[in-house]
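**Q** One file is attached below, protein_37.tsv, containing TSV, C-alpha atoms.
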chain	number	residue	atom	x	y	z
A	1	MET	CA	114.19	68.05	128.49
A	2	VAL	CA	113.47	64.39	129.20
A	3	SER	CA	112.16	62.51	126.15
A	4	ASP	CA	108.97	60.47	126.25
A	5	LYS	CA	110.97	57.28	125.66
A	6	THR	CA	113.18	58.02	128.67
A	7	LYS	CA	110.09	58.68	130.77
A	8	GLY	CA	108.65	55.37	129.57
A	9	ILE	CA	111.84	53.49	130.49
A	10	LEU	CA	111.91	55.08	133.95
A	11	CYS	CA	108.25	54.17	134.49
A	12	ILE	CA	108.72	50.56	133.43
A	13	LEU	CA	111.80	50.23	135.66
A	14	SER	CA	109.65	51.59	138.50
A	15	ALA	CA	106.96	49.00	137.66
A	16	ALA	CA	109.54	46.20	137.64
A	17	PHE	CA	110.84	47.23	141.05
A	18	CYS	CA	107.32	47.56	142.46
A	19	PHE	CA	106.33	44.07	141.27
A	20	ALA	CA	109.58	42.62	142.67
A	21	LEU	CA	108.72	44.26	146.01
A	22	MET	CA	105.22	42.80	145.74
A	23	ASN	CA	106.73	39.31	145.37
A	24	LEU	CA	108.95	39.89	148.40
A	25	PHE	CA	106.05	41.10	150.57
A	26	ILE	CA	103.95	38.10	149.51
A	27	LYS	CA	106.71	35.80	150.69
A	28	LEU	CA	107.27	37.73	153.94
A	29	SER	CA	103.55	37.62	154.81
A	30	GLY	CA	104.05	33.97	155.74
A	31	ASP	CA	101.77	30.96	155.85
A	32	ILE	CA	98.48	32.46	154.65
A	33	PRO	CA	96.30	30.96	151.88
A	34	THR	CA	97.18	32.19	148.39
A	35	LEU	CA	93.71	33.57	147.67
A	36	GLN	CA	93.67	35.48	150.95
A	37	LYS	CA	96.91	37.16	149.90
A	38	ALA	CA	95.46	37.87	146.47
A	39	PHE	CA	92.42	39.54	148.06
A	40	PHE	CA	94.58	42.08	149.89
A	41	ARG	CA	96.68	42.66	146.77
A	42	ASN	CA	93.55	43.61	144.85
A	43	VAL	CA	91.54	45.47	147.47
A	44	VAL	CA	94.18	48.20	147.64
A	45	ALA	CA	94.13	48.50	143.83
A	46	VAL	CA	90.32	48.79	143.92
A	47	LEU	CA	90.44	51.68	146.38
A	48	VAL	CA	93.20	53.57	144.56
A	49	SER	CA	91.69	53.11	141.08
A	50	PHE	CA	88.22	54.11	142.36
A	51	ILE	CA	89.63	57.35	143.76
A	52	LEU	CA	91.31	58.10	140.41
A	53	LEU	CA	88.12	57.30	138.51
A	54	ARG	CA	86.17	59.74	140.66
A	55	ARG	CA	88.86	62.41	140.43
A	56	GLU	CA	88.99	62.17	136.63
A	57	HIS	CA	85.16	61.88	136.37
A	58	ILE	CA	85.37	58.58	134.44
A	59	SER	CA	82.15	56.58	134.28
A	60	LEU	CA	81.96	53.21	136.04
A	61	ASN	CA	80.68	51.70	132.81
A	62	CYS	CA	81.74	51.02	129.25
A	63	ALA	CA	80.08	50.54	125.86
A	64	LYS	CA	77.96	47.40	125.56
A	65	GLY	CA	80.16	45.88	122.86
A	66	ASN	CA	83.29	46.16	125.03
A	67	TRP	CA	82.07	44.21	128.06
A	68	SER	CA	83.11	40.79	126.79
A	69	THR	CA	86.69	41.98	126.29
A	70	VAL	CA	86.84	43.73	129.68
A	71	ILE	CA	85.39	40.69	131.45
A	72	GLY	CA	87.76	38.35	129.60
A	73	ARG	CA	90.71	40.50	130.64
A	74	ALA	CA	89.50	40.35	134.25
A	75	ILE	CA	89.04	36.56	134.22
A	76	TRP	CA	92.44	35.74	132.76
A	77	GLY	CA	94.15	38.45	134.79
A	78	THR	CA	92.68	36.88	137.92
A	79	VAL	CA	93.86	33.40	136.90
A	80	GLY	CA	97.30	34.89	136.31
A	81	ILE	CA	97.42	36.53	139.74
A	82	PHE	CA	96.24	33.43	141.60
A	83	CYS	CA	98.78	31.23	139.81
A	84	ASN	CA	101.57	33.77	140.25
A	85	PHE	CA	100.92	34.12	143.98
A	86	TYR	CA	100.90	30.33	144.38
A	87	ALA	CA	104.23	30.11	142.51
A	88	ILE	CA	105.75	32.86	144.67
A	89	ASP	CA	104.71	30.98	147.81
A	90	HIS	CA	106.41	27.76	146.64
A	91	LEU	CA	109.41	28.91	144.55
A	92	ASN	CA	112.27	31.37	144.76
A	93	ILE	CA	110.78	34.77	143.94
A	94	SER	CA	113.20	35.15	141.02
A	95	ASP	CA	111.98	31.81	139.52
A	96	ALA	CA	108.34	32.86	139.95
A	97	SER	CA	109.07	36.27	138.39
A	98	MET	CA	110.80	34.72	135.39
A	99	LEU	CA	107.97	32.28	134.69
A	100	ASN	CA	105.45	35.11	134.89
A	101	LYS	CA	107.58	37.11	132.44
A	102	LEU	CA	106.82	34.56	129.74
A	103	SER	CA	103.68	36.64	129.14
A	104	PRO	CA	105.09	38.73	126.23
A	105	PHE	CA	105.90	35.56	124.29
A	106	PHE	CA	102.42	34.12	124.79
A	107	ALA	CA	100.95	37.54	123.95
A	108	ILE	CA	102.46	37.12	120.46
A	109	LEU	CA	100.52	33.88	120.00
A	110	PHE	CA	97.29	35.26	121.43
A	111	SER	CA	97.60	38.44	119.34
A	112	TYR	CA	97.55	36.25	116.24
A	113	ILE	CA	94.47	34.36	117.47
A	114	ILE	CA	92.49	37.29	118.88
A	115	LEU	CA	93.76	40.40	117.08
A	116	LYS	CA	94.65	38.63	113.81
A	117	GLU	CA	98.17	40.10	113.99
A	118	ARG	CA	100.48	37.90	112.00
A	119	ALA	CA	103.55	36.78	113.94
A	120	LYS	CA	106.88	37.17	112.15
A	121	PRO	CA	109.17	34.13	111.83
A	122	TYR	CA	111.77	35.59	114.21
A	123	GLN	CA	109.03	36.15	116.83
A	124	LEU	CA	107.93	32.53	116.62
A	125	ALA	CA	111.58	31.44	116.87
A	126	CYS	CA	111.97	33.57	120.02
A	127	VAL	CA	108.85	31.97	121.51
A	128	GLY	CA	110.41	28.55	120.92
A	129	VAL	CA	113.72	29.60	122.53
A	130	ALA	CA	111.87	31.06	125.53
A	131	LEU	CA	109.93	27.85	126.01
A	132	ALA	CA	113.20	25.89	125.83
A	133	GLY	CA	114.61	28.16	128.54
A	134	THR	CA	111.52	27.55	130.62
A	135	CYS	CA	112.41	23.85	130.79
A	136	PHE	CA	115.49	24.72	132.84
A	137	ILE	CA	113.24	26.38	135.43
A	138	LEU	CA	110.53	23.71	135.30
A	139	LYS	CA	113.19	21.02	135.84
A	140	PRO	CA	111.46	17.90	134.48
A	141	SER	CA	112.76	14.78	136.20
A	142	GLY	CA	113.92	11.62	134.52
A	143	ALA	CA	110.42	10.24	134.98
A	144	GLY	CA	109.03	13.15	133.00
A	145	LEU	CA	107.50	14.82	136.03
A	146	ILE	CA	107.49	18.60	136.39
A	147	SER	CA	107.50	20.70	139.55
A	148	MET	CA	103.86	21.61	140.14
A	149	PRO	CA	104.60	25.12	141.52
A	150	ALA	CA	106.82	25.82	138.49
A	151	LEU	CA	104.12	24.56	136.11
A	152	ILE	CA	101.55	26.79	137.82
A	153	GLY	CA	104.04	29.67	137.53
A	154	MET	CA	104.21	29.02	133.79
A	155	ILE	CA	100.40	29.04	133.63
A	156	SER	CA	100.52	32.48	135.27
A	157	GLY	CA	102.61	33.68	132.32
A	158	ILE	CA	100.18	32.16	129.81
A	159	ALA	CA	97.17	33.75	131.53
A	160	ALA	CA	98.93	37.11	131.79
A	161	GLY	CA	99.79	36.99	128.08
A	162	LEU	CA	96.13	36.44	127.23
A	163	ALA	CA	95.04	39.15	129.70
A	164	TYR	CA	97.45	41.70	128.19
A	165	THR	CA	96.19	40.88	124.69
A	166	LEU	CA	92.61	41.51	125.78
A	167	LEU	CA	93.74	44.67	127.60
A	168	ARG	CA	95.19	45.96	124.34
A	169	LYS	CA	91.99	45.10	122.48
A	170	ALA	CA	89.92	46.96	125.10
A	171	THR	CA	92.10	50.08	125.04
A	172	GLU	CA	92.02	50.12	121.23
A	173	LYS	CA	88.23	50.25	121.53
A	174	GLY	CA	88.54	53.30	123.77
A	175	VAL	CA	87.93	51.76	127.21
A	176	PRO	CA	89.76	53.92	129.81
A	177	LYS	CA	92.74	52.16	131.39
A	178	ALA	CA	91.74	53.29	134.89
A	179	PHE	CA	88.34	51.63	134.43
A	180	ILE	CA	89.98	48.40	133.23
A	181	ILE	CA	92.23	48.35	136.32
A	182	PHE	CA	89.26	49.05	138.61
A	183	PHE	CA	87.06	46.36	137.05
A	184	PHE	CA	89.84	43.78	136.97
A	185	SER	CA	90.82	44.42	140.61
A	186	SER	CA	87.18	44.35	141.74
A	187	PHE	CA	86.57	41.10	139.86
A	188	SER	CA	89.66	39.50	141.46
A	189	CYS	CA	88.53	40.59	144.91
A	190	LEU	CA	85.07	39.12	144.42
A	191	ALA	CA	86.53	35.88	143.02
A	192	SER	CA	88.66	35.36	146.13
A	193	ILE	CA	86.02	36.30	148.74
A	194	PRO	CA	84.16	32.92	148.89
A	195	TYR	CA	87.40	31.03	149.53
A	196	CYS	CA	88.53	33.63	152.10
A	197	ILE	CA	85.25	33.32	154.01
A	198	ILE	CA	85.39	29.51	154.13
A	199	ASN	CA	89.12	29.17	154.74
A	200	TYR	CA	89.99	32.44	156.47
A	201	THR	CA	93.29	32.27	158.35
A	202	PRO	CA	93.81	34.70	161.25
A	203	MET	CA	96.72	37.09	160.69
A	204	SER	CA	99.13	38.85	162.98
A	205	ALA	CA	99.57	42.62	162.77
A	206	VAL	CA	102.89	42.12	160.98
A	207	GLN	CA	101.32	39.82	158.39
A	208	LEU	CA	98.54	42.33	157.76
A	209	VAL	CA	101.11	45.09	157.23
A	210	PHE	CA	102.99	42.95	154.71
A	211	LEU	CA	99.76	42.17	152.83
A	212	LEU	CA	98.84	45.87	152.67
A	213	LEU	CA	102.35	46.61	151.42
A	214	THR	CA	101.78	43.88	148.80
A	215	GLY	CA	98.71	45.75	147.60
A	216	LEU	CA	100.49	49.12	147.55
A	217	ALA	CA	103.47	47.71	145.63
A	218	ALA	CA	101.18	45.96	143.13
A	219	THR	CA	99.13	49.12	142.62
A	220	GLY	CA	102.29	51.15	142.11
A	221	GLY	CA	103.47	48.61	139.56
A	222	GLN	CA	100.12	48.54	137.75
A	223	PHE	CA	99.93	52.31	137.34
A	224	SER	CA	103.64	52.64	136.53
A	225	ILE	CA	103.40	50.15	133.68
A	226	THR	CA	100.22	51.83	132.42
A	227	ALA	CA	102.04	55.18	132.43
A	228	ALA	CA	105.06	53.64	130.71
A	229	TYR	CA	103.06	52.50	127.70
A	230	SER	CA	101.41	55.91	127.44
A	231	PHE	CA	104.86	57.46	126.86
A	232	ALA	CA	106.26	54.96	124.35
A	233	PRO	CA	105.15	51.84	122.42
A	234	ALA	CA	105.63	48.37	123.87
A	235	ARG	CA	108.27	47.43	121.29
A	236	GLU	CA	110.57	50.15	122.71
A	237	LEU	CA	110.02	49.27	126.37
A	238	SER	CA	109.16	45.60	126.87
A	239	VAL	CA	112.73	44.36	127.34
A	240	TYR	CA	113.24	46.65	130.34
A	241	ASP	CA	110.42	44.84	132.15
A	242	TYR	CA	112.78	41.88	132.59
A	243	THR	CA	114.72	43.89	135.18
A	244	GLN	CA	112.05	42.61	137.58
A	245	VAL	CA	113.90	39.28	137.62
A	246	ILE	CA	117.12	41.08	138.60
A	247	PHE	CA	115.35	43.08	141.30
A	248	ALA	CA	113.62	39.92	142.57
A	249	GLY	CA	116.93	38.04	142.67
A	250	ILE	CA	118.60	40.83	144.69
A	251	LEU	CA	115.68	41.16	147.11
A	252	GLY	CA	115.38	37.39	147.48
A	253	PHE	CA	119.08	37.09	148.28
A	254	CYS	CA	119.15	40.04	150.71
A	255	PHE	CA	115.95	39.31	152.64
A	256	LEU	CA	115.25	35.61	152.11
A	257	ALA	CA	118.73	34.16	151.51
A	258	GLU	CA	117.44	32.68	148.22
A	259	ILE	CA	120.02	31.63	145.63
A	260	PRO	CA	118.72	30.26	142.30
A	261	ASP	CA	120.42	27.05	141.13
A	262	TYR	CA	122.51	26.95	137.95
A	263	LEU	CA	119.67	25.49	135.87
A	264	SER	CA	117.34	28.35	136.79
A	265	ILE	CA	120.04	30.90	136.00
A	266	LEU	CA	120.61	29.23	132.62
A	267	GLY	CA	116.86	29.46	132.01
A	268	TYR	CA	116.87	33.18	132.92
A	269	PHE	CA	119.65	33.91	130.44
A	270	THR	CA	117.95	31.91	127.68
A	271	ILE	CA	114.58	33.64	128.08
A	272	ILE	CA	116.06	37.12	128.49
A	273	ALA	CA	118.32	36.56	125.46
A	274	ALA	CA	115.25	35.71	123.39
A	275	ALA	CA	113.49	38.84	124.71
A	276	VAL	CA	116.50	41.06	123.94
A	277	PHE	CA	116.81	39.65	120.42
A	278	MET	CA	113.10	40.16	119.78
A	279	PHE	CA	113.37	43.71	121.15
A	280	ILE	CA	116.33	44.64	118.92
A	281	LYS	CA	114.88	42.96	115.84
A	282	GLY	CA	111.47	44.56	116.43
A	283	ASN	CA	112.94	48.06	116.71
A	284	ARG	CA	114.66	47.59	113.35
A	285	GLN	CA	111.36	46.85	111.66
A	286	PRO	CA	109.38	49.67	109.98
A	287	ALA	CA	106.95	51.31	112.46
Now that the file is in, can you turn its structure into structure tokens?
**A**
Amino acid sequence: MVSDKTKGILCILSAAFCFALMNLFIKLSGDIPTLQKAFFRNVVAVLVSFILLRREHISLNCAKGNWSTVIGRAIWGTVGIFCNFYAIDHLNISDASMLNKLSPFFAILFSYIILKERAKPYQLACVGVALAGTCFILKPSGAGLISMPALIGMISGIAAGLAYTLLRKATEKGVPKAFIIFFFSSFSCLASIPYCIINYTPMSAVQLVFLLLTGLAATGGQFSITAAYSFAPARELSVYDYTQVIFAGILGFCFLAEIPDYLSILGYFTIIAAAVFMFIKGNRQPA
């Protein structure tokens, strides 16, 4: 008999692989505007989540008091996607993945602000270590300048951390996860449509296939991670999400001949070490 924790780990590993595939497909889709790529990533999620909503007879609405949280999650989730896609287009996919994976650390800070959950000293220390590791990926120059794509990648992690905090608040209020995914994906699609209309770039059949695969991989990742946290709490699973960086590194090397430099690798180890420490320390705390 497979335990719920094992099921959760398998689901989060599946999510990590799906999101690494998503990053690869984004890169392989070629020279297409970031928001046009984001539209295709979200339109597939809209269709899949709508089908699930209809199948499970879930209303396309939520309680009046929950709308601000659901809309806030959609806004910051959209900012996170746009920034992440831009970073993927301009960085190694492993660098972009790592910067996006700063989200759990920022979620600690936002949980204190929004959910009034007091951060423990070791958690704040881990946030500081993770931010120090980020500097190795950002690579500030002697003049104090920072790579703009890397900075935008970091913003994607900040936005995702805020979006996940609002997601938690919404689910605690009883908003169905499938509805949150549907609303968020629909909002992101609508947000990208004006730009796509004005700056639409014609695509080849191969590019279209890669963009549809991007959407399928992202949808698989979204539902896998949702399933994971239904089997076990985040404190038991979150560290396994960092396998996305490993998957992204392998895929980037095999299909794109990408090799991260030594500073990026040092940054990966620093951030993952902080995540592992926080994971181990958190699991030793009383439930």
**Q** Using all atoms listed in the file, which residues sit within 12 Å of Ile51 (chain A) once same-chain residues fewer than 6 positions away are excluded, as a list in words?
**A**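 Non-adjacent residues within range: Val44, Ala45, His57, Ile58, Leu60, Ala178, Phe179, Ile181 and Phe182 of chain A.
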**Q** Which residues are near Cys11 (chain A)? Cut-off 12 Å, all atoms listed in the file, ignore same chain within fewer than 5 positions. Put them as number ranges by chain.
**A** A: 4-6, 16-18, 220-232, 237-238, 240-241
**Q** Keeping C-alpha atoms for every residue in the selection just given, could you write it to a file as a CSV table (one decimal), keeping the file's coordinate frame?
**A**
chain,number,residue,atom,x,y,z
A,4,ASP,CA,109.0,60.5,126.2
A,5,LYS,CA,111.0,57.3,125.7
A,6,THR,CA,113.2,58.0,128.7
A,16,ALA,CA,109.5,46.2,137.6
A,17,PHE,CA,110.8,47.2,141.0
A,18,CYS,CA,107.3,47.6,142.5
A,220,GLY,CA,102.3,51.2,142.1
A,221,GLY,CA,103.5,48.6,139.6
A,222,GLN,CA,100.1,48.5,137.8
A,223,PHE,CA,99.9,52.3,137.3
A,224,SER,CA,103.6,52.6,136.5
A,225,ILE,CA,103.4,50.2,133.7
A,226,THR,CA,100.2,51.8,132.4
A,227,ALA,CA,102.0,55.2,132.4
A,228,ALA,CA,105.1,53.6,130.7
A,229,TYR,CA,103.1,52.5,127.7
A,230,SER,CA,101.4,55.9,127.4
A,231,PHE,CA,104.9,57.5,126.9
A,232,ALA,CA,106.3,55.0,124.4
A,237,LEU,CA,110.0,49.3,126.4
A,238,SER,CA,109.2,45.6,126.9
A,240,TYR,CA,113.2,46.6,130.3
A,241,ASP,CA,110.4,44.8,132.2
**Q** Of the candidates A:Val2, A:Val209, A:Ile198, A:Leu138, which shows the shortest atom-to-atom distance to Ile152 (chain A), using all atoms listed in the file?
**A** A:Leu138
**Q** Of the candidates A:Val70, A:Val245, A:Leu10, A:Ile259, which shows the shortest atom-to-atom distance to Glu172 (chain A), using all atoms listed in the file?
**A**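 Between A:Val70, A:Val245, A:Leu10, A:Ile259, the residue approaching Glu172 (chain A) most closely is A:Val70.
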**Q** Go ahead and compute the interatomic distance for CA of Phe82 (chain A) and CA of Pro104 (chain A), in Å to one decimal.
**A**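 One can read the CA of Phe82 (chain A) to CA of Pro104 (chain A) distance as 18.5 Å.
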**Q** Give the answer as one residue: which of A:Cys83, A:Ala205, A:Leu256, A:Leu266 has the shortest atom-to-atom distance to Lys139 (chain A), using only C-alpha atoms?
**A** A:Leu266
**Q** For Ile113 (chain A), which of A:Cys126, A:Leu166, A:Ile12, A:Cys196 is the closest residue, counting only C-alpha atoms?
**A** A:Leu166
**Q** Quick check, in Å to one decimal: how far apart do CA of Val127 (chain A) and CA of Asn100 (chain A) lie?
**A**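 Computed distance, CA of Val127 (chain A) to CA of Asn100 (chain A), equals 14.2 Å.
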**Q** Which polymer residues have any atom within 6 Å of an atom of Phe106 (chain A), counting all atoms listed in the file, with same-chain residues fewer than 2 positions away left out, as a compact mmCIF listing (two decimals) with C-alpha atoms, in the coordinates of the input?
**A**
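around.txt was written with the following content:
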# COMPACT_ATOMS: atom_id res chain seq x y z
CA SER A 103 103.68 36.64 129.14
CA PRO A 104 105.09 38.73 126.23
CA ILE A 108 102.46 37.12 120.46
CA LEU A 109 100.52 33.88 120.00
CA ILE A 158 100.18 32.16 129.81
CA GLY A 161 99.79 36.99 128.08
**Q** Between CA of Glu258 (chain A) and CA of Asn92 (chain A), what is the distance in Å, rounded to a tenth?
**A**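 About the pair CA of Glu258 (chain A) and CA of Asn92 (chain A): they are 6.4 Å apart.
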**Q** Give me the residues near Asn84 (chain A) as a list in words, where near means some atom within 7 Å (using all atoms listed in the file) and where sequence neighbours in that chain fewer than 4 positions away do not count.
**A**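 Within the cut-off, the hits are Gly80, Ile88, Ala96, Asn100, Gly153 and Ser156 of chain A.
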**Q** Can you tell me which residues surround Ala159 (chain A) at a distance of at most 7 Å, considering all atoms listed in the file, apart from same-chain residues fewer than 6 positions away, and format the answer as a PyMOL selection string?
**A** chain A and resi 76-77+79-80
**Q** For each of A:Val239, A:Met148, A:Ala257, A:Ile193, take the minimum atom-to-atom distance to Phe39 (chain A), counting all atoms listed in the file, then give the residue where this is smallest.
**A**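 That would be A:Ile193, the residue with the smallest distance to Phe39 (chain A).
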**Q** Of the residues A:Ala74, A:Leu190, A:Leu99, A:Ile93, which is the one nearest to Gly249 (chain A), using only C-alpha atoms?
**A**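 Between A:Ala74, A:Leu190, A:Leu99, A:Ile93, the residue approaching Gly249 (chain A) most closely is A:Ile93.
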**Q** For region 253-275 of chain A, where the input has fewer atoms than it should, I would like N, CA and C atoms rebuilt and written as a PDB file, in the frame of the given file.
**A**
ATOM      1  N   PHE A 253     117.797  37.396 147.642  1.00  0.00           N
ATOM      2  CA  PHE A 253     119.080  37.090 148.280  1.00  0.00           C
ATOM      3  C   PHE A 253     119.256  37.872 149.573  1.00  0.00           C
ATOM      4  N   CYS A 254     118.926  39.169 149.553  1.00  0.00           N
ATOM      5  CA  CYS A 254     119.150  40.040 150.710  1.00  0.00           C
ATOM      6  C   CYS A 254     118.207  39.741 151.878  1.00  0.00           C
ATOM      7  N   PHE A 255     116.943  39.442 151.573  1.00  0.00           N
ATOM      8  CA  PHE A 255     115.950  39.310 152.640  1.00  0.00           C
ATOM      9  C   PHE A 255     115.516  37.872 152.910  1.00  0.00           C
ATOM     10  N   LEU A 256     115.713  36.985 151.941  1.00  0.00           N
ATOM     11  CA  LEU A 256     115.250  35.610 152.110  1.00  0.00           C
ATOM     12  C   LEU A 256     116.361  34.576 151.968  1.00  0.00           C
ATOM     13  N   ALA A 257     117.579  35.046 151.699  1.00  0.00           N
ATOM     14  CA  ALA A 257     118.730  34.160 151.510  1.00  0.00           C
ATOM     15  C   ALA A 257     118.479  33.137 150.396  1.00  0.00           C
ATOM     16  N   GLU A 258     117.739  33.559 149.355  1.00  0.00           N
ATOM     17  CA  GLU A 258     117.440  32.680 148.220  1.00  0.00           C
ATOM     18  C   GLU A 258     118.543  32.800 147.167  1.00  0.00           C
ATOM     19  N   ILE A 259     119.026  31.656 146.698  1.00  0.00           N
ATOM     20  CA  ILE A 259     120.020  31.630 145.630  1.00  0.00           C
ATOM     21  C   ILE A 259     119.534  30.664 144.556  1.00  0.00           C
ATOM     22  N   PRO A 260     119.185  31.156 143.375  1.00  0.00           N
ATOM     23  CA  PRO A 260     118.720  30.260 142.300  1.00  0.00           C
ATOM     24  C   PRO A 260     119.807  29.260 141.924  1.00  0.00           C
ATOM     25  N   ASP A 261     119.417  28.032 141.552  1.00  0.00           N
ATOM     26  CA  ASP A 261     120.420  27.050 141.130  1.00  0.00           C
ATOM     27  C   ASP A 261     120.876  27.350 139.702  1.00  0.00           C
ATOM     28  N   TYR A 262     121.899  26.640 139.249  1.00  0.00           N
ATOM     29  CA  TYR A 262     122.510  26.950 137.950  1.00  0.00           C
ATOM     30  C   TYR A 262     121.539  26.714 136.793  1.00  0.00           C
ATOM     31  N   LEU A 263     120.627  25.735 136.938  1.00  0.00           N
ATOM     32  CA  LEU A 263     119.670  25.490 135.870  1.00  0.00           C
ATOM     33  C   LEU A 263     118.691  26.656 135.717  1.00  0.00           C
ATOM     34  N   SER A 264     118.236  27.192 136.848  1.00  0.00           N
ATOM     35  CA  SER A 264     117.340  28.350 136.790  1.00  0.00           C
ATOM     36  C   SER A 264     118.040  29.545 136.157  1.00  0.00           C
ATOM     37  N   ILE A 265     119.291  29.767 136.553  1.00  0.00           N
ATOM     38  CA  ILE A 265     120.040  30.900 136.000  1.00  0.00           C
ATOM     39  C   ILE A 265     120.226  30.728 134.493  1.00  0.00           C
ATOM     40  N   LEU A 266     120.498  29.507 134.053  1.00  0.00           N
ATOM     41  CA  LEU A 266     120.610  29.230 132.620  1.00  0.00           C
ATOM     42  C   LEU A 266     119.288  29.526 131.916  1.00  0.00           C
ATOM     43  N   GLY A 267     118.182  29.156 132.569  1.00  0.00           N
ATOM     44  CA  GLY A 267     116.860  29.460 132.010  1.00  0.00           C
ATOM     45  C   GLY A 267     116.619  30.953 131.912  1.00  0.00           C
ATOM     46  N   TYR A 268     117.033  31.716 132.953  1.00  0.00           N
ATOM     47  CA  TYR A 268     116.870  33.180 132.920  1.00  0.00           C
ATOM     48  C   TYR A 268     117.590  33.755 131.698  1.00  0.00           C
ATOM     49  N   PHE A 269     118.851  33.363 131.527  1.00  0.00           N
ATOM     50  CA  PHE A 269     119.650  33.910 130.440  1.00  0.00           C
ATOM     51  C   PHE A 269     119.050  33.554 129.076  1.00  0.00           C
ATOM     52  N   THR A 270     118.535  32.341 128.954  1.00  0.00           N
ATOM     53  CA  THR A 270     117.950  31.910 127.680  1.00  0.00           C
ATOM     54  C   THR A 270     116.712  32.734 127.337  1.00  0.00           C
ATOM     55  N   ILE A 271     115.822  32.899 128.321  1.00  0.00           N
ATOM     56  CA  ILE A 271     114.580  33.640 128.080  1.00  0.00           C
ATOM     57  C   ILE A 271     114.862  35.120 127.844  1.00  0.00           C
ATOM     58  N   ILE A 272     115.746  35.701 128.655  1.00  0.00           N
ATOM     59  CA  ILE A 272     116.060  37.120 128.490  1.00  0.00           C
ATOM     60  C   ILE A 272     116.782  37.370 127.166  1.00  0.00           C
ATOM     61  N   ALA A 273     117.644  36.427 126.765  1.00  0.00           N
ATOM     62  CA  ALA A 273     118.320  36.560 125.460  1.00  0.00           C
ATOM     63  C   ALA A 273     117.305  36.587 124.333  1.00  0.00           C
ATOM     64  N   ALA A 274     116.300  35.727 124.413  1.00  0.00           N
ATOM     65  CA  ALA A 274     115.250  35.710 123.390  1.00  0.00           C
ATOM     66  C   ALA A 274     114.487  37.037 123.396  1.00  0.00           C
ATOM     67  N   ALA A 275     114.215  37.569 124.609  1.00  0.00           N
ATOM     68  CA  ALA A 275     113.490  38.840 124.710  1.00  0.00           C
ATOM     69  C   ALA A 275     114.320  39.987 124.147  1.00  0.00           C
TER      70      ALA A 275
END
